[in-house]
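Below: input-v8.pdb (PDB, C-alpha atoms)
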ATOM      1  CA  MET A  20      -1.418  16.914 -42.242  1.00  0.00           C
ATOM      2  CA  ALA A  21      -4.080  19.250 -40.877  1.00  0.00           C
ATOM      3  CA  ARG A  22      -2.709  22.229 -39.033  1.00  0.00           C
ATOM      4  CA  LEU A  23      -4.108  23.540 -35.769  1.00  0.00           C
ATOM      5  CA  ASN A  24      -6.660  26.344 -35.737  1.00  0.00           C
ATOM      6  CA  VAL A  25      -4.686  29.112 -34.023  1.00  0.00           C
ATOM      7  CA  ASN A  26      -3.973  32.798 -34.562  1.00  0.00           C
ATOM      8  CA  PRO A  27      -0.744  33.363 -36.545  1.00  0.00           C
ATOM      9  CA  THR A  28       1.063  35.426 -33.907  1.00  0.00           C
ATOM     10  CA  ARG A  29       4.583  35.290 -32.490  1.00  0.00           C
ATOM     11  CA  MET A  30       3.242  34.446 -29.036  1.00  0.00           C
ATOM     12  CA  GLU A  31       1.247  31.535 -30.438  1.00  0.00           C
ATOM     13  CA  MET A  32       4.281  30.305 -32.364  1.00  0.00           C
ATOM     14  CA  SER A  33       6.369  30.427 -29.190  1.00  0.00           C
ATOM     15  CA  LYS A  34       3.776  28.324 -27.366  1.00  0.00           C
ATOM     16  CA  LEU A  35       3.651  25.821 -30.224  1.00  0.00           C
ATOM     17  CA  LYS A  36       7.435  25.504 -30.270  1.00  0.00           C
ATOM     18  CA  LYS A  37       7.387  24.616 -26.564  1.00  0.00           C
ATOM     19  CA  ARG A  38       4.627  22.072 -27.206  1.00  0.00           C
ATOM     20  CA  LEU A  39       6.645  20.605 -30.068  1.00  0.00           C
ATOM     21  CA  ALA A  40       9.749  20.282 -27.905  1.00  0.00           C
ATOM     22  CA  THR A  41       7.720  18.552 -25.173  1.00  0.00           C
ATOM     23  CA  ALA A  42       6.047  16.229 -27.686  1.00  0.00           C
ATOM     24  CA  THR A  43       9.406  15.339 -29.218  1.00  0.00           C
ATOM     25  CA  ARG A  44      10.925  14.504 -25.830  1.00  0.00           C
ATOM     26  CA  GLY A  45       7.820  12.514 -24.900  1.00  0.00           C
ATOM     27  CA  HIS A  46       8.005  10.588 -28.165  1.00  0.00           C
ATOM     28  CA  LYS A  47      11.641   9.652 -27.527  1.00  0.00           C
ATOM     29  CA  LEU A  48      10.916   8.533 -23.966  1.00  0.00           C
ATOM     30  CA  LEU A  49       7.905   6.483 -25.043  1.00  0.00           C
ATOM     31  CA  LYS A  50       9.874   4.931 -27.908  1.00  0.00           C
ATOM     32  CA  ASP A  51      12.657   3.950 -25.502  1.00  0.00           C
ATOM     33  CA  LYS A  52      10.070   2.525 -23.128  1.00  0.00           C
ATOM     34  CA  GLN A  53       8.459   0.567 -25.956  1.00  0.00           C
ATOM     35  CA  ASP A  54      11.810  -0.901 -27.022  1.00  0.00           C
ATOM     36  CA  GLU A  55      12.679  -1.947 -23.460  1.00  0.00           C
ATOM     37  CA  LEU A  56       9.202  -3.412 -22.927  1.00  0.00           C
ATOM     38  CA  MET A  57       9.576  -5.426 -26.126  1.00  0.00           C
ATOM     39  CA  ARG A  58      12.977  -6.723 -25.030  1.00  0.00           C
ATOM     40  CA  GLN A  59      11.689  -7.847 -21.655  1.00  0.00           C
ATOM     41  CA  PHE A  60       8.489  -9.187 -23.222  1.00  0.00           C
ATOM     42  CA  VAL A  61      10.425 -11.396 -25.658  1.00  0.00           C
ATOM     43  CA  ASN A  62      12.582 -12.762 -22.825  1.00  0.00           C
ATOM     44  CA  LEU A  63       9.477 -13.423 -20.734  1.00  0.00           C
ATOM     45  CA  VAL A  64       7.721 -15.212 -23.596  1.00  0.00           C
ATOM     46  CA  LYS A  65      10.744 -17.460 -24.158  1.00  0.00           C
ATOM     47  CA  TYR A  66      10.902 -18.309 -20.459  1.00  0.00           C
ATOM     48  CA  ASN A  67       7.143 -18.868 -20.379  1.00  0.00           C
ATOM     49  CA  ASN A  68       7.365 -21.372 -23.240  1.00  0.00           C
ATOM     50  CA  GLU A  69      10.209 -23.266 -21.591  1.00  0.00           C
ATOM     51  CA  LEU A  70       8.416 -23.323 -18.242  1.00  0.00           C
ATOM     52  CA  ARG A  71       5.143 -24.474 -19.808  1.00  0.00           C
ATOM     53  CA  LYS A  72       6.860 -27.351 -21.622  1.00  0.00           C
ATOM     54  CA  SER A  73       8.527 -28.414 -18.373  1.00  0.00           C
ATOM     55  CA  VAL A  74       5.272 -28.233 -16.398  1.00  0.00           C
ATOM     56  CA  GLU A  75       3.295 -30.103 -19.040  1.00  0.00           C
ATOM     57  CA  ALA A  76       5.919 -32.855 -19.186  1.00  0.00           C
ATOM     58  CA  GLU A  77       5.903 -33.276 -15.394  1.00  0.00           C
ATOM     59  CA  LEU A  78       2.100 -33.204 -15.261  1.00  0.00           C
ATOM     60  CA  GLN A  79       1.970 -35.847 -17.941  1.00  0.00           C
ATOM     61  CA  GLY A  80       4.294 -38.027 -15.898  1.00  0.00           C
ATOM     62  CA  ALA A  81       2.212 -37.536 -12.748  1.00  0.00           C
ATOM     63  CA  LEU A  82      -1.005 -38.306 -14.631  1.00  0.00           C
ATOM     64  CA  LYS A  83       0.545 -41.443 -16.115  1.00  0.00           C
ATOM     65  CA  ASP A  84       1.453 -42.708 -12.626  1.00  0.00           C
ATOM     66  CA  PHE A  85      -2.060 -41.889 -11.401  1.00  0.00           C
ATOM     67  CA  VAL A  86      -3.596 -43.862 -14.283  1.00  0.00           C
ATOM     68  CA  MET A  87      -1.350 -46.814 -13.393  1.00  0.00           C
ATOM     69  CA  ALA A  88      -2.438 -46.510  -9.775  1.00  0.00           C
ATOM     70  CA  ARG A  89      -6.094 -46.669 -10.831  1.00  0.00           C
ATOM     71  CA  ALA A  90      -5.327 -49.804 -12.829  1.00  0.00           C
ATOM     72  CA  VAL A  91      -3.905 -51.689  -9.843  1.00  0.00           C
ATOM     73  CA  MET A  92      -6.158 -50.247  -7.095  1.00  0.00           C
ATOM     74  CA  SER A  93      -9.881 -50.378  -6.627  1.00  0.00           C
ATOM     75  CA  SER A  94     -11.803 -47.134  -7.105  1.00  0.00           C
ATOM     76  CA  GLU A  95     -13.026 -47.232  -3.481  1.00  0.00           C
ATOM     77  CA  PHE A  96      -9.506 -47.501  -2.035  1.00  0.00           C
ATOM     78  CA  LEU A  97      -8.204 -44.812  -4.391  1.00  0.00           C
ATOM     79  CA  GLU A  98     -10.962 -42.325  -3.548  1.00  0.00           C
ATOM     80  CA  GLU A  99     -10.560 -42.992   0.172  1.00  0.00           C
ATOM     81  CA  ALA A 100      -6.778 -42.556  -0.032  1.00  0.00           C
ATOM     82  CA  VAL A 101      -6.972 -39.065  -1.545  1.00  0.00           C
ATOM     83  CA  ALA A 102     -10.205 -37.883   0.094  1.00  0.00           C
ATOM     84  CA  TYR A 103      -8.465 -35.971   2.908  1.00  0.00           C
ATOM     85  CA  PRO A 104      -5.537 -33.698   1.910  1.00  0.00           C
ATOM     86  CA  LYS A 105      -2.441 -33.847   4.075  1.00  0.00           C
ATOM     87  CA  GLU A 106      -1.441 -30.232   3.628  1.00  0.00           C
ATOM     88  CA  SER A 107      -3.076 -26.825   3.465  1.00  0.00           C
ATOM     89  CA  ILE A 108      -1.860 -24.129   1.078  1.00  0.00           C
ATOM     90  CA  SER A 109      -2.365 -20.363   1.191  1.00  0.00           C
ATOM     91  CA  VAL A 110      -1.392 -17.955  -1.572  1.00  0.00           C
ATOM     92  CA  GLU A 111      -0.355 -14.322  -1.129  1.00  0.00           C
ATOM     93  CA  VAL A 112      -0.714 -12.194  -4.261  1.00  0.00           C
ATOM     94  CA  GLY A 113       1.217  -8.941  -4.467  1.00  0.00           C
ATOM     95  CA  THR A 114       2.618  -6.857  -7.306  1.00  0.00           C
ATOM     96  CA  LYS A 115       5.994  -5.830  -8.655  1.00  0.00           C
ATOM     97  CA  ASN A 116       6.768  -3.048 -11.121  1.00  0.00           C
ATOM     98  CA  ILE A 117       8.341  -3.737 -14.516  1.00  0.00           C
ATOM     99  CA  MET A 118       8.677  -0.602 -16.658  1.00  0.00           C
ATOM    100  CA  SER A 119       5.624   0.983 -14.972  1.00  0.00           C
ATOM    101  CA  VAL A 120       3.615  -2.240 -15.403  1.00  0.00           C
ATOM    102  CA  ASN A 121       2.299  -3.760 -12.182  1.00  0.00           C
ATOM    103  CA  VAL A 122       2.641  -7.512 -12.648  1.00  0.00           C
ATOM    104  CA  PRO A 123       1.593 -10.128 -10.066  1.00  0.00           C
ATOM    105  CA  LYS A 124       4.017 -11.547  -7.543  1.00  0.00           C
ATOM    106  CA  MET A 125       2.696 -14.739  -5.960  1.00  0.00           C
ATOM    107  CA  ASP A 126       3.986 -16.478  -2.846  1.00  0.00           C
ATOM    108  CA  PHE A 127       2.415 -19.545  -1.322  1.00  0.00           C
ATOM    109  CA  HIS A 128       2.835 -21.222   2.013  1.00  0.00           C
ATOM    110  CA  ARG A 129       2.437 -24.946   2.584  1.00  0.00           C
ATOM    111  CA  GLN A 130       1.600 -26.439   5.932  1.00  0.00           C
ATOM    112  CA  LEU A 131       1.534 -30.173   6.515  1.00  0.00           C
ATOM    113  CA  GLU A 132      -1.033 -31.433   8.973  1.00  0.00           C
ATOM    114  CA  GLY A 133      -0.162 -34.148  11.410  1.00  0.00           C
ATOM    115  CA  ASP A 134       3.080 -35.960  10.639  1.00  0.00           C
ATOM    116  CA  GLU A 135       5.419 -33.248   9.368  1.00  0.00           C
ATOM    117  CA  GLY A 136       7.654 -35.783   7.642  1.00  0.00           C
ATOM    118  CA  SER A 137       5.081 -37.197   5.244  1.00  0.00           C
ATOM    119  CA  ILE A 138       3.136 -35.664   2.376  1.00  0.00           C
ATOM    120  CA  PHE A 139       0.952 -38.726   1.814  1.00  0.00           C
ATOM    121  CA  PRO A 140      -2.580 -38.562   3.248  1.00  0.00           C
ATOM    122  CA  TYR A 141      -2.852 -42.346   3.603  1.00  0.00           C
ATOM    123  CA  GLY A 142      -1.130 -45.434   4.903  1.00  0.00           C
ATOM    124  CA  PHE A 143       0.978 -47.577   2.641  1.00  0.00           C
ATOM    125  CA  ALA A 144      -0.675 -50.903   3.311  1.00  0.00           C
ATOM    126  CA  SER A 145      -3.514 -50.658   0.779  1.00  0.00           C
ATOM    127  CA  THR A 146      -1.986 -48.265  -1.806  1.00  0.00           C
ATOM    128  CA  SER A 147       0.410 -48.693  -4.699  1.00  0.00           C
ATOM    129  CA  SER A 148       3.817 -47.227  -5.362  1.00  0.00           C
ATOM    130  CA  GLU A 149       2.416 -45.601  -8.537  1.00  0.00           C
ATOM    131  CA  LEU A 150       0.085 -43.484  -6.398  1.00  0.00           C
ATOM    132  CA  ASP A 151       3.039 -42.476  -4.215  1.00  0.00           C
ATOM    133  CA  ASP A 152       4.995 -41.437  -7.309  1.00  0.00           C
ATOM    134  CA  SER A 153       2.036 -39.438  -8.674  1.00  0.00           C
ATOM    135  CA  ILE A 154       1.516 -37.514  -5.436  1.00  0.00           C
ATOM    136  CA  SER A 155       5.247 -36.862  -5.047  1.00  0.00           C
ATOM    137  CA  LYS A 156       5.426 -35.404  -8.556  1.00  0.00           C
ATOM    138  CA  LEU A 157       2.352 -33.257  -8.009  1.00  0.00           C
ATOM    139  CA  TYR A 158       3.856 -32.022  -4.734  1.00  0.00           C
ATOM    140  CA  THR A 159       7.091 -30.911  -6.432  1.00  0.00           C
ATOM    141  CA  ILE A 160       5.371 -29.415  -9.497  1.00  0.00           C
ATOM    142  CA  LEU A 161       3.122 -27.046  -7.536  1.00  0.00           C
ATOM    143  CA  PRO A 162       5.707 -24.231  -7.245  1.00  0.00           C
ATOM    144  CA  LYS A 163       6.237 -24.373 -11.012  1.00  0.00           C
ATOM    145  CA  LEU A 164       2.490 -24.231 -11.621  1.00  0.00           C
ATOM    146  CA  LEU A 165       2.248 -21.099  -9.502  1.00  0.00           C
ATOM    147  CA  GLU A 166       5.234 -19.537 -11.272  1.00  0.00           C
ATOM    148  CA  LEU A 167       3.703 -20.386 -14.646  1.00  0.00           C
ATOM    149  CA  ALA A 168       0.477 -18.603 -13.703  1.00  0.00           C
ATOM    150  CA  GLU A 169       2.518 -15.582 -12.580  1.00  0.00           C
ATOM    151  CA  VAL A 170       4.611 -15.478 -15.760  1.00  0.00           C
ATOM    152  CA  GLU A 171       1.642 -15.896 -18.112  1.00  0.00           C
ATOM    153  CA  LYS A 172      -0.301 -13.104 -16.395  1.00  0.00           C
ATOM    154  CA  SER A 173       2.772 -10.874 -16.497  1.00  0.00           C
ATOM    155  CA  THR A 174       3.159 -11.594 -20.205  1.00  0.00           C
ATOM    156  CA  GLN A 175      -0.458 -10.634 -20.839  1.00  0.00           C
ATOM    157  CA  LEU A 176      -0.175  -7.373 -18.885  1.00  0.00           C
ATOM    158  CA  MET A 177       3.070  -6.423 -20.630  1.00  0.00           C
ATOM    159  CA  ALA A 178       1.514  -7.131 -24.030  1.00  0.00           C
ATOM    160  CA  ASP A 179      -1.364  -4.777 -23.155  1.00  0.00           C
ATOM    161  CA  GLU A 180       1.091  -2.076 -22.040  1.00  0.00           C
ATOM    162  CA  ILE A 181       3.141  -2.477 -25.230  1.00  0.00           C
ATOM    163  CA  GLU A 182       0.002  -1.970 -27.311  1.00  0.00           C
ATOM    164  CA  LYS A 183      -0.969   1.149 -25.343  1.00  0.00           C
ATOM    165  CA  THR A 184       2.552   2.557 -25.649  1.00  0.00           C
ATOM    166  CA  ARG A 185       2.645   1.793 -29.381  1.00  0.00           C
ATOM    167  CA  ARG A 186      -0.585   3.733 -29.919  1.00  0.00           C
ATOM    168  CA  ARG A 187       0.743   6.718 -28.004  1.00  0.00           C
ATOM    169  CA  VAL A 188       4.031   6.644 -29.944  1.00  0.00           C
ATOM    170  CA  ASN A 189       2.166   6.496 -33.260  1.00  0.00           C
ATOM    171  CA  ALA A 190      -0.194   9.301 -32.225  1.00  0.00           C
ATOM    172  CA  LEU A 191       2.752  11.552 -31.406  1.00  0.00           C
ATOM    173  CA  GLU A 192       4.795  10.516 -34.435  1.00  0.00           C
ATOM    174  CA  TYR A 193       2.099  10.671 -37.113  1.00  0.00           C
ATOM    175  CA  MET A 194      -0.408  13.191 -35.737  1.00  0.00           C
ATOM    176  CA  THR A 195       0.671  15.509 -32.929  1.00  0.00           C
ATOM    177  CA  ILE A 196       4.243  16.310 -33.991  1.00  0.00           C
ATOM    178  CA  PRO A 197       3.464  16.763 -37.740  1.00  0.00           C
ATOM    179  CA  SER A 198       0.449  18.982 -36.874  1.00  0.00           C
ATOM    180  CA  LEU A 199       2.597  21.182 -34.649  1.00  0.00           C
ATOM    181  CA  GLN A 200       5.336  21.398 -37.278  1.00  0.00           C
ATOM    182  CA  GLU A 201       2.843  22.281 -40.002  1.00  0.00           C
ATOM    183  CA  THR A 202       1.191  24.935 -37.824  1.00  0.00           C
ATOM    184  CA  ILE A 203       4.531  26.502 -36.888  1.00  0.00           C
ATOM    185  CA  LYS A 204       5.510  26.576 -40.563  1.00  0.00           C
ATOM    186  CA  TYR A 205       2.185  28.226 -41.439  1.00  0.00           C
ATOM    187  CA  ILE A 206       2.552  30.891 -38.724  1.00  0.00           C
ATOM    188  CA  ARG A 207       6.137  31.616 -39.800  1.00  0.00           C
ATOM    189  CA  MET A 208       4.974  32.104 -43.398  1.00  0.00           C
ATOM    190  CA  LYS A 209       2.168  34.415 -42.254  1.00  0.00           C
ATOM    191  CA  LEU A 210       4.528  36.454 -40.090  1.00  0.00           C
ATOM    192  CA  ASP A 211       6.992  36.755 -42.995  1.00  0.00           C
ATOM    193  CA  GLU A 212       4.147  37.924 -45.264  1.00  0.00           C
ATOM    194  CA  ASN A 213       3.093  40.511 -42.688  1.00  0.00           C
ATOM    195  CA  GLU A 214       6.677  41.754 -42.346  1.00  0.00           C
ATOM    196  CA  ARG A 215       7.056  42.057 -46.128  1.00  0.00           C
ATOM    197  CA  GLY A 216       3.705  43.884 -46.317  1.00  0.00           C
ATOM    198  CA  ALA A 217       4.721  46.267 -43.543  1.00  0.00           C
ATOM    199  CA  LEU A 218       8.088  46.896 -45.206  1.00  0.00           C
ATOM    200  CA  THR A 219       6.375  47.604 -48.533  1.00  0.00           C
ATOM    201  CA  ARG A 220       4.028  50.102 -46.895  1.00  0.00           C
ATOM    202  CA  LEU A 221       6.914  51.842 -45.160  1.00  0.00           C
ATOM    203  CA  MET A 222       8.783  52.141 -48.422  1.00  0.00           C
ATOM    204  CA  LYS A 223       5.708  53.641 -50.127  1.00  0.00           C
ATOM    205  CA  VAL A 224       5.255  56.124 -47.293  1.00  0.00           C
ATOM    206  CA  LYS A 225       8.937  57.056 -47.561  1.00  0.00           C
ATOM    207  CA  ASP A 226       8.614  57.583 -51.301  1.00  0.00           C
ATOM    208  CA  MET A 227       5.502  59.749 -50.794  1.00  0.00           C
ATOM    209  CA  ILE A 228       7.313  61.882 -48.207  1.00  0.00           C
ATOM    210  CA  GLN A 229      10.334  62.299 -50.469  1.00  0.00           C
ATOM    211  CA  ALA A 230       8.028  63.204 -53.416  1.00  0.00           C
ATOM    212  CA  LYS A 231       6.392  65.990 -51.395  1.00  0.00           C
ATOM    213  CA  ASN A 232       9.755  67.398 -50.434  1.00  0.00           C
TER     214      ASN A 232
END

As structure tokens, the full file:
Amino acid sequence: MARLNVNPTRMEMSKLKKRLATATRGHKLLKDKQDELMRQFVNLVKYNNELRKSVEAELQGALKDFVMARAVMSSEFLEEAVAYPKESISVEVGTKNIMSVNVPKMDFHRQLEGDEGSIFPYGFASTSSELDDSISKLYTILPKLLELAEVEKSTQLMADEIEKTRRRVNALEYMTIPSLQETIKYIRMKLDENERGALTRLMKVKDMIQAKN
């Protein structure tokens, strides 16, 4: 490991020791953060998979009913029946913090127009029960669709943060900390050499003084 290019002095060694202590504490904190992010990420991925399977199954059921409705209704009646939505939906997108990661928090508001007791934008005289079933399922699945989008985006953002944290942990563990340790070791060796050299010179001076006397 390459050592830092510094002067081998006691002051410089003191500074490097402080940097090493800070880097070591930072490495521990980042490693703890990485472990907790991984734990929450794994839980989120499991929940995301379960939620996706549930949503896909319900969407498949709704699509099957819609296909059956198309089979028993004319295209003109079907298009006219669903041409004008019965409700309006607005979505509010905020954020929440998970281990310093800002993930989306979505809330939506539904507002039925006209008859508040019905979600169907048509009369029942010229439509089939399959179309009613399809629209009912789509109506109930919408909150899950929104939650799925929120969870999948959160998973992506947490994966990015885990990768960033992993790089920082590796940089500290395999580059910064070893470089500081190597440099401190080098300075300590240099200082010891200087002390031995100074002691040798003092002993020679002492011997010369004693020889003169």

_Can you measure CA of Arg58 (chain A) to CA of Ser173 (chain A) for me? One decimal in Å is fine._
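So the two atoms, CA of Arg58 (chain A) and CA of Ser173 (chain A), lie 13.9 Å apart.
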
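Restricting the calculation to all atoms listed in the file, the smallest distance between Ser155 (chain A) and any of A:Leu70, A:Ser119, A:Ala21, A:Asp84 is found for A:Asp84.
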
*Using CA of Lys65 (chain A) and CA of Ile117 (chain A) as the two end points, give the distance in Å to one decimal.*
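Answer for the CA of Lys65 (chain A) to CA of Ile117 (chain A) separation: 16.9 Å.
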
_Between CA of Pro197 (chain A) and CA of Lys47 (chain A), distance in Å (one decimal)_ =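 So the two atoms, CA of Pro197 (chain A) and CA of Lys47 (chain A), lie 14.9 Å apart.
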
Can you report as JSON the centre and edge lengths in Å, to one decimal, of an axis-aligned box around the listed atoms of region 86-97 of chain A padded with 5 Å on each side?
{"center_x": -7.2, "center_y": -47.8, "center_z": -8.2, "size_x": 21.7, "size_y": 17.8, "size_z": 22.2}

_Which residues would end up in the selection if the PyMOL selection byres ((chain A and resi 163) around 12) were applied here, given that I need the answer as number ranges by chain?_
A: 67, 69-78, 125-127, 156-162, 164-171

*asked:* Evaluate the PyMOL selection byres ((chain A and resi 22) around 9) against this structure - the residues, as a list of chain:residue names, please.
replied: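 Listing what the PyMOL selection byres ((chain A and resi 22) around 9) selects in the shown file: A:Met20, A:Ala21, A:Leu23, A:Asn24, A:Val25, A:Pro197, A:Ser198, A:Leu199, A:Gln200, A:Glu201, A:Thr202, A:Ile203, A:Tyr205.
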
*With all atoms listed in the file as the atoms that count, which of A:Arg186, A:Val120, A:Leu218, A:Lys225 lies nearest to Gln59 (chain A)?*
A:Val120

*asked:* Could you check the closest approach to Thr184 (chain A) for each of A:Val112, A:Val64, A:Met87, A:Leu48 and tell me which residue wins, using all atoms listed in the file?
replied: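 Using all atoms listed in the file, Thr184 (chain A) sits closest to A:Leu48.
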
*Considering all atoms listed in the file, state which residue in the set A:His46, A:Asn121, A:Ala88, A:His128 is at the smallest distance from Glu106 (chain A).*
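Distance minimum relative to Glu106 (chain A) lands on A:His128.
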
*Between A:Ile228, A:Leu49, A:Leu150, A:Leu176, which is the closest to Asn189 (chain A) once you count only C-alpha atoms?*
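Using only C-alpha atoms, Asn189 (chain A) sits closest to A:Leu49.
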
*Evaluating the PyMOL selection byres ((chain A and resi 149) around 10) on the displayed file yields which residues, as a list in words?*
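Here the PyMOL selection byres ((chain A and resi 149) around 10) matches Ala81, Lys83, Asp84, Phe85, Val86, Met87, Ala88, Arg89, Ala90, Val91, Met92, Thr146, Ser147, Ser148, Leu150, Asp151, Asp152, Ser153, Ile154 and Ser155 of chain A.
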
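Candidate residues A:Gln53, A:Thr41, A:Asn213, A:Asn62 were compared for distance to Ile181 (chain A), and the nearest is A:Gln53, using all atoms listed in the file.
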
Please supply region 160-168 of chain A, rebuilt with all heavy atoms, as a PDB file, in the coordinates of the input.
ATOM      1  N   ILE A 160       5.702 -30.253  -8.344  1.00  0.00           N
ATOM      2  CA  ILE A 160       5.371 -29.415  -9.497  1.00  0.00           C
ATOM      3  C   ILE A 160       4.555 -28.187  -9.116  1.00  0.00           C
ATOM      4  O   ILE A 160       4.455 -27.229  -9.891  1.00  0.00           O
ATOM      5  CB  ILE A 160       4.608 -30.244 -10.557  1.00  0.00           C
ATOM      6  CG1 ILE A 160       4.731 -29.569 -11.928  1.00  0.00           C
ATOM      7  CG2 ILE A 160       3.148 -30.390 -10.198  1.00  0.00           C
ATOM      8  CD1 ILE A 160       4.081 -30.367 -13.034  1.00  0.00           C
ATOM      9  N   LEU A 161       3.999 -28.158  -7.932  1.00  0.00           N
ATOM     10  CA  LEU A 161       3.122 -27.046  -7.536  1.00  0.00           C
ATOM     11  C   LEU A 161       3.809 -25.690  -7.600  1.00  0.00           C
ATOM     12  O   LEU A 161       3.217 -24.724  -8.105  1.00  0.00           O
ATOM     13  CB  LEU A 161       2.551 -27.305  -6.137  1.00  0.00           C
ATOM     14  CG  LEU A 161       1.488 -26.318  -5.661  1.00  0.00           C
ATOM     15  CD1 LEU A 161       0.308 -26.272  -6.638  1.00  0.00           C
ATOM     16  CD2 LEU A 161       0.996 -26.693  -4.266  1.00  0.00           C
ATOM     17  N   PRO A 162       5.050 -25.544  -7.119  1.00  0.00           N
ATOM     18  CA  PRO A 162       5.707 -24.231  -7.245  1.00  0.00           C
ATOM     19  C   PRO A 162       5.851 -23.778  -8.702  1.00  0.00           C
ATOM     20  O   PRO A 162       5.696 -22.602  -9.019  1.00  0.00           O
ATOM     21  CB  PRO A 162       7.080 -24.461  -6.603  1.00  0.00           C
ATOM     22  CG  PRO A 162       6.877 -25.610  -5.673  1.00  0.00           C
ATOM     23  CD  PRO A 162       5.878 -26.487  -6.336  1.00  0.00           C
ATOM     24  N   LYS A 163       6.122 -24.726  -9.600  1.00  0.00           N
ATOM     25  CA  LYS A 163       6.237 -24.373 -11.012  1.00  0.00           C
ATOM     26  C   LYS A 163       4.885 -23.954 -11.597  1.00  0.00           C
ATOM     27  O   LYS A 163       4.815 -23.061 -12.437  1.00  0.00           O
ATOM     28  CB  LYS A 163       6.802 -25.544 -11.809  1.00  0.00           C
ATOM     29  CG  LYS A 163       8.277 -25.804 -11.575  1.00  0.00           C
ATOM     30  CD  LYS A 163       8.793 -26.881 -12.513  1.00  0.00           C
ATOM     31  CE  LYS A 163      10.283 -27.113 -12.319  1.00  0.00           C
ATOM     32  NZ  LYS A 163      10.793 -28.149 -13.253  1.00  0.00           N
ATOM     33  N   LEU A 164       3.825 -24.610 -11.154  1.00  0.00           N
ATOM     34  CA  LEU A 164       2.490 -24.231 -11.621  1.00  0.00           C
ATOM     35  C   LEU A 164       2.165 -22.801 -11.219  1.00  0.00           C
ATOM     36  O   LEU A 164       1.610 -22.024 -12.008  1.00  0.00           O
ATOM     37  CB  LEU A 164       1.433 -25.186 -11.060  1.00  0.00           C
ATOM     38  CG  LEU A 164       1.219 -26.507 -11.803  1.00  0.00           C
ATOM     39  CD1 LEU A 164       0.290 -27.413 -11.000  1.00  0.00           C
ATOM     40  CD2 LEU A 164       0.638 -26.254 -13.185  1.00  0.00           C
ATOM     41  N   LEU A 165       2.505 -22.457  -9.979  1.00  0.00           N
ATOM     42  CA  LEU A 165       2.248 -21.099  -9.502  1.00  0.00           C
ATOM     43  C   LEU A 165       3.095 -20.093 -10.266  1.00  0.00           C
ATOM     44  O   LEU A 165       2.614 -19.025 -10.662  1.00  0.00           O
ATOM     45  CB  LEU A 165       2.540 -21.015  -8.007  1.00  0.00           C
ATOM     46  CG  LEU A 165       2.131 -19.713  -7.316  1.00  0.00           C
ATOM     47  CD1 LEU A 165       0.614 -19.591  -7.286  1.00  0.00           C
ATOM     48  CD2 LEU A 165       2.681 -19.651  -5.905  1.00  0.00           C
ATOM     49  N   GLU A 166       4.356 -20.441 -10.517  1.00  0.00           N
ATOM     50  CA  GLU A 166       5.234 -19.537 -11.272  1.00  0.00           C
ATOM     51  C   GLU A 166       4.735 -19.375 -12.708  1.00  0.00           C
ATOM     52  O   GLU A 166       4.787 -18.280 -13.273  1.00  0.00           O
ATOM     53  CB  GLU A 166       6.655 -20.088 -11.282  1.00  0.00           C
ATOM     54  CG  GLU A 166       7.641 -19.155 -11.963  1.00  0.00           C
ATOM     55  CD  GLU A 166       9.059 -19.706 -11.996  1.00  0.00           C
ATOM     56  OE1 GLU A 166       9.247 -20.873 -11.602  1.00  0.00           O
ATOM     57  OE2 GLU A 166       9.962 -18.967 -12.433  1.00  0.00           O
ATOM     58  N   LEU A 167       4.224 -20.458 -13.288  1.00  0.00           N
ATOM     59  CA  LEU A 167       3.703 -20.386 -14.646  1.00  0.00           C
ATOM     60  C   LEU A 167       2.508 -19.441 -14.728  1.00  0.00           C
ATOM     61  O   LEU A 167       2.394 -18.639 -15.668  1.00  0.00           O
ATOM     62  CB  LEU A 167       3.299 -21.780 -15.129  1.00  0.00           C
ATOM     63  CG  LEU A 167       2.737 -21.874 -16.549  1.00  0.00           C
ATOM     64  CD1 LEU A 167       3.769 -21.405 -17.570  1.00  0.00           C
ATOM     65  CD2 LEU A 167       2.287 -23.299 -16.857  1.00  0.00           C
ATOM     66  N   ALA A 168       1.620 -19.525 -13.738  1.00  0.00           N
ATOM     67  CA  ALA A 168       0.477 -18.603 -13.703  1.00  0.00           C
ATOM     68  C   ALA A 168       0.952 -17.156 -13.581  1.00  0.00           C
ATOM     69  O   ALA A 168       0.416 -16.247 -14.241  1.00  0.00           O
ATOM     70  CB  ALA A 168      -0.442 -18.964 -12.543  1.00  0.00           C
TER      71      ALA A 168
END
